[in-house]
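*Asks:* Take a look at this one; I'll ask things after.
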Amino acid sequence: MCCSTLRPLRVSEGAYSPLRVLSSDQLKVLLEEFAFRLGETGERLQCVVVGGAALALTVIPDRHATEDVDVFAQLTPKAEEIVAALAKEHNLADPKWLNSKAQAFMSPVAPINEQDLGVIFEHRDVVIRVLDANSLFALKCRAGRISKDGNDLLALADFLEITTIEEAKLVMDGYYAGEEVMKPNAHRILAEHFESALTSDSAEVEQDATRPDSNQVLKQRGSYKPRPTDPGLSL
Amino acid sequence: MFVQRDIDGINVASAGEVLLRQFCQLNDDLAALSDGELVALGKPVLPSDRDRAALVGAAFSYRYAETKLTPPAWLNDPGLIADELVCLVPSFQHLIEPETPAVVRRHNVLFDAASFESV
């Protein structure tokens, strides 16, 4: 996924849209251009994308993210200038669409080893990485937001092949070293999901007695497949 | 800062995930305002669709409740109450409903309090 050779600048075209939501493709274009332009100035930057943008770039490619892209990084004035220029060219409302406001929610006890994270873009001395799925899962468990994070939690649990609350707590403890607990709402969402997966798997096994290895069914849960878009308002 | 654009976005967002994220962006931007800035916004230009206008009403009502400011009269407009219950993530409706603040529910909108927060 790493792109060491970058394309030249592409500026958004098309009709004005007031939407402040980015698809994973739009995110890639913006981050790629940011890395390219900053790299060309000769500045150094190590940057980790977190939050919804990180999910859209990795585990859930059909997910959209808010225009507010959170990163763990100290953005230099030159970097902020490029972020603002990209906002103007791509019709983003916020000249600080790439920001480090979420930095405060980094685990204080388990500092991220950036070298272990996947690189999505790099150009010269600018490297953009994405937070790993385990850490994203821990952050979502701590937040415990149903509407905002519910489907993300399920997707991450499936991706990480987490099938019990105990396993989920282990992942959280690995990130927060026991300093934070899972929010009750995150617990409820995951408990229901694990229970329904188990029930559904058991029913499948009973229906198909010819299946040679019943464990195979459980193993299939490991690979996340995007769910059909929740219809929400049918307007 | 970008509240009116967020509302315009809600007006055109496709139903489902895009609308959910656009609604989250509105909540984030409202949360970033000082009390004075929130009051100075006044009544925004609302979506023509009643359900989407109800979402905007819910976002403003929640933010006013959080700030302890007296909500403006325009938030009492019956046009800001959805005809039928609106839940942006129907698969979690049973979990969201008990966690929805009363000021949000009165717009016939379901959205848990924690999800109004940015991080």
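Ligands are numbered from 1 in the order shown, chains are lettered A, B, ... in the order of the structure tokens, and residues start at 1 in each chain.
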Within 9 Å of range 19-35 of chain B, counting only C-alpha atoms, which residues qualify if same-chain residues fewer than 6 places away don't, as number ranges by chain?

*Replies:* A: 19-21, 64-68, 147-148, 232-233; B: 1-7, 9-13, 55-56, 59-60, 63-64, 67, 69, 88-89, 115-118

*Asks:* DSSP on the backbone, then: every residue of range 16-169 of chain A marked strand (DSSP E), written as a ChimeraX atom specification.

*Replies:* /A:21-22,45-49,65-66,69-72,98-99,118-123,126-130

*Asks:* Report the distance between CA of Thr164 in chain A and CA of Met182 in chain A in Å, rounded to one decimal place.

*Replies:*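 If I compute the distance from CA of Thr164 in chain A to CA of Met182 in chain A, I get 13.3 Å.
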
*Asks:* Let me make sure I understand: among A:Glu167, A:Glu122, A:Asp158, A:Asp94, which one has the smallest atom-to-atom distance to chain B if we use only C-alpha atoms?

*Replies:* A:Asp94

*Asks:* Quick one, how far is CA of Ala191 in chain A from CA of Ile165 in chain A?

*Replies:* 6.5 Å

*Asks:* For each of B:Ile96, B:Asp77, B:Lys43, B:Ala65, take the minimum atom-to-atom distance to chain A, counting only C-alpha atoms, then give the residue where this is smallest.

*Replies:* B:Ile96

*Asks:* According to DSSP computed on the backbone, where in range 22-198 of chain A is there alpha helix (DSSP H)? Give the residues as a PyMOL selection string.

*Replies:* chain A and resi 24-41+51-57+77-89+133-143+146-159+165-176+184-198

*Asks:* Could you list, as a list in words, every residue within 9 Å of Cys141 in chain A, counting only C-alpha atoms and ignoring same-chain residues fewer than 5 positions away?

*Replies:*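 Listing them by chain and then by number gives Leu136, Asp149, Leu153, Ala168, Lys169, Met172, Val181, Met182, Lys183, Pro184, Asn185, Ala186 and His187 of chain A.
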
*Asks:* Looking at only C-alpha atoms, which of B:Asp51, B:Ile81, B:Gly57, B:Pro44 is the one that sits closest to chain A?

*Replies:*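 Looking at the shortest contact to chain A, the residue is B:Asp51.
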
*Asks:* Pick from A:Glu32, A:Asp70, A:Glu81, A:Asp116: nearest to chain B, with only C-alpha atoms counted?

*Replies:*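 Checking each candidate against chain B, we get A:Asp70 as the closest.
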
*Asks:* Set the distance at 10 Å and use only C-alpha atoms: which residues neighbour Leu86 in chain A once local chain neighbours fewer than 5 positions away are removed? I'd like the list as JSON, numbers by chain.

*Replies:* {"A": [9, 11, 12, 30, 31, 33, 34, 37, 80, 81, 91, 92, 95, 96, 97]}

*Asks:* Take the residues from that selection and put them in a file with N, CA and C atoms, as a PDB file, in the first residue's frame.

*Replies:*
ATOM      1  N   LEU A   9       0.208  16.720  -8.564  1.00  0.00           N
ATOM      2  CA  LEU A   9      -0.997  17.261  -7.922  1.00  0.00           C
ATOM      3  C   LEU A   9      -2.250  17.070  -8.765  1.00  0.00           C
ATOM      4  N   VAL A  11      -6.162  18.297  -8.630  1.00  0.00           N
ATOM      5  CA  VAL A  11      -7.106  19.187  -7.953  1.00  0.00           C
ATOM      6  C   VAL A  11      -8.516  18.696  -8.234  1.00  0.00           C
ATOM      7  N   SER A  12      -9.340  18.724  -7.203  1.00  0.00           N
ATOM      8  CA  SER A  12     -10.723  18.261  -7.358  1.00  0.00           C
ATOM      9  C   SER A  12     -11.440  19.058  -8.445  1.00  0.00           C
ATOM     10  N   LEU A  30      -5.906  13.267  -0.711  1.00  0.00           N
ATOM     11  CA  LEU A  30      -5.472  14.382   0.140  1.00  0.00           C
ATOM     12  C   LEU A  30      -4.175  14.063   0.880  1.00  0.00           C
ATOM     13  N   LEU A  31      -4.104  12.873   1.449  1.00  0.00           N
ATOM     14  CA  LEU A  31      -2.908  12.519   2.226  1.00  0.00           C
ATOM     15  C   LEU A  31      -1.689  12.315   1.329  1.00  0.00           C
ATOM     16  N   GLU A  33      -1.157  13.842  -1.521  1.00  0.00           N
ATOM     17  CA  GLU A  33      -0.702  15.175  -1.947  1.00  0.00           C
ATOM     18  C   GLU A  33       0.015  15.894  -0.815  1.00  0.00           C
ATOM     19  N   PHE A  34      -0.527  15.725   0.389  1.00  0.00           N
ATOM     20  CA  PHE A  34       0.103  16.350   1.548  1.00  0.00           C
ATOM     21  C   PHE A  34       1.529  15.821   1.718  1.00  0.00           C
ATOM     22  N   ARG A  37       3.838  17.151  -1.170  1.00  0.00           N
ATOM     23  CA  ARG A  37       4.209  18.581  -1.092  1.00  0.00           C
ATOM     24  C   ARG A  37       5.133  18.860   0.086  1.00  0.00           C
ATOM     25  N   GLU A  80       1.184  22.946   8.190  1.00  0.00           N
ATOM     26  CA  GLU A  80      -0.146  23.561   8.332  1.00  0.00           C
ATOM     27  C   GLU A  80      -0.484  24.421   7.111  1.00  0.00           C
ATOM     28  N   GLU A  81       0.540  25.034   6.564  1.00  0.00           N
ATOM     29  CA  GLU A  81       0.330  25.863   5.363  1.00  0.00           C
ATOM     30  C   GLU A  81      -0.116  24.984   4.189  1.00  0.00           C
ATOM     31  N   ASN A  91     -11.839  22.263  -1.900  1.00  0.00           N
ATOM     32  CA  ASN A  91     -13.149  22.719  -1.441  1.00  0.00           C
ATOM     33  C   ASN A  91     -13.516  22.169  -0.063  1.00  0.00           C
ATOM     34  N   LEU A  92     -12.521  22.060   0.803  1.00  0.00           N
ATOM     35  CA  LEU A  92     -12.803  21.645   2.182  1.00  0.00           C
ATOM     36  C   LEU A  92     -13.072  22.903   3.000  1.00  0.00           C
ATOM     37  N   PRO A  95      -9.677  24.868   7.030  1.00  0.00           N
ATOM     38  CA  PRO A  95      -8.263  24.920   6.629  1.00  0.00           C
ATOM     39  C   PRO A  95      -7.359  24.085   7.537  1.00  0.00           C
ATOM     40  N   LYS A  96      -7.917  23.611   8.645  1.00  0.00           N
ATOM     41  CA  LYS A  96      -7.148  22.721   9.535  1.00  0.00           C
ATOM     42  C   LYS A  96      -7.777  21.322   9.542  1.00  0.00           C
ATOM     43  N   TRP A  97      -8.151  20.848   8.371  1.00  0.00           N
ATOM     44  CA  TRP A  97      -8.816  19.537   8.278  1.00  0.00           C
ATOM     45  C   TRP A  97      -7.921  18.408   8.780  1.00  0.00           C
TER      46      TRP A  97
END

*Asks:* For chain B, which residue out of A:Tyr16, A:Phe194, A:Phe159, A:Tyr175 is the nearest one, using only C-alpha atoms?

*Replies:*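 Nearest candidate to chain B out of A:Tyr16, A:Phe194, A:Phe159, A:Tyr175: A:Tyr16.
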
*Asks:* Compile the contact shell of Asp125 in chain A as a PyMOL selection string: residues with an atom at most 10 Å away, counting only C-alpha atoms, same-chain residues fewer than 4 positions apart removed.

*Replies:* chain A and resi 35-36+38-46

*Asks:* From the options B:Pro71, B:Gly16, B:Gly79, B:Pro101, which residue's atoms come nearest to Leu38 in chain B, counting only C-alpha atoms?

*Replies:*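 The closest residue to Leu38 in chain B is B:Pro71.
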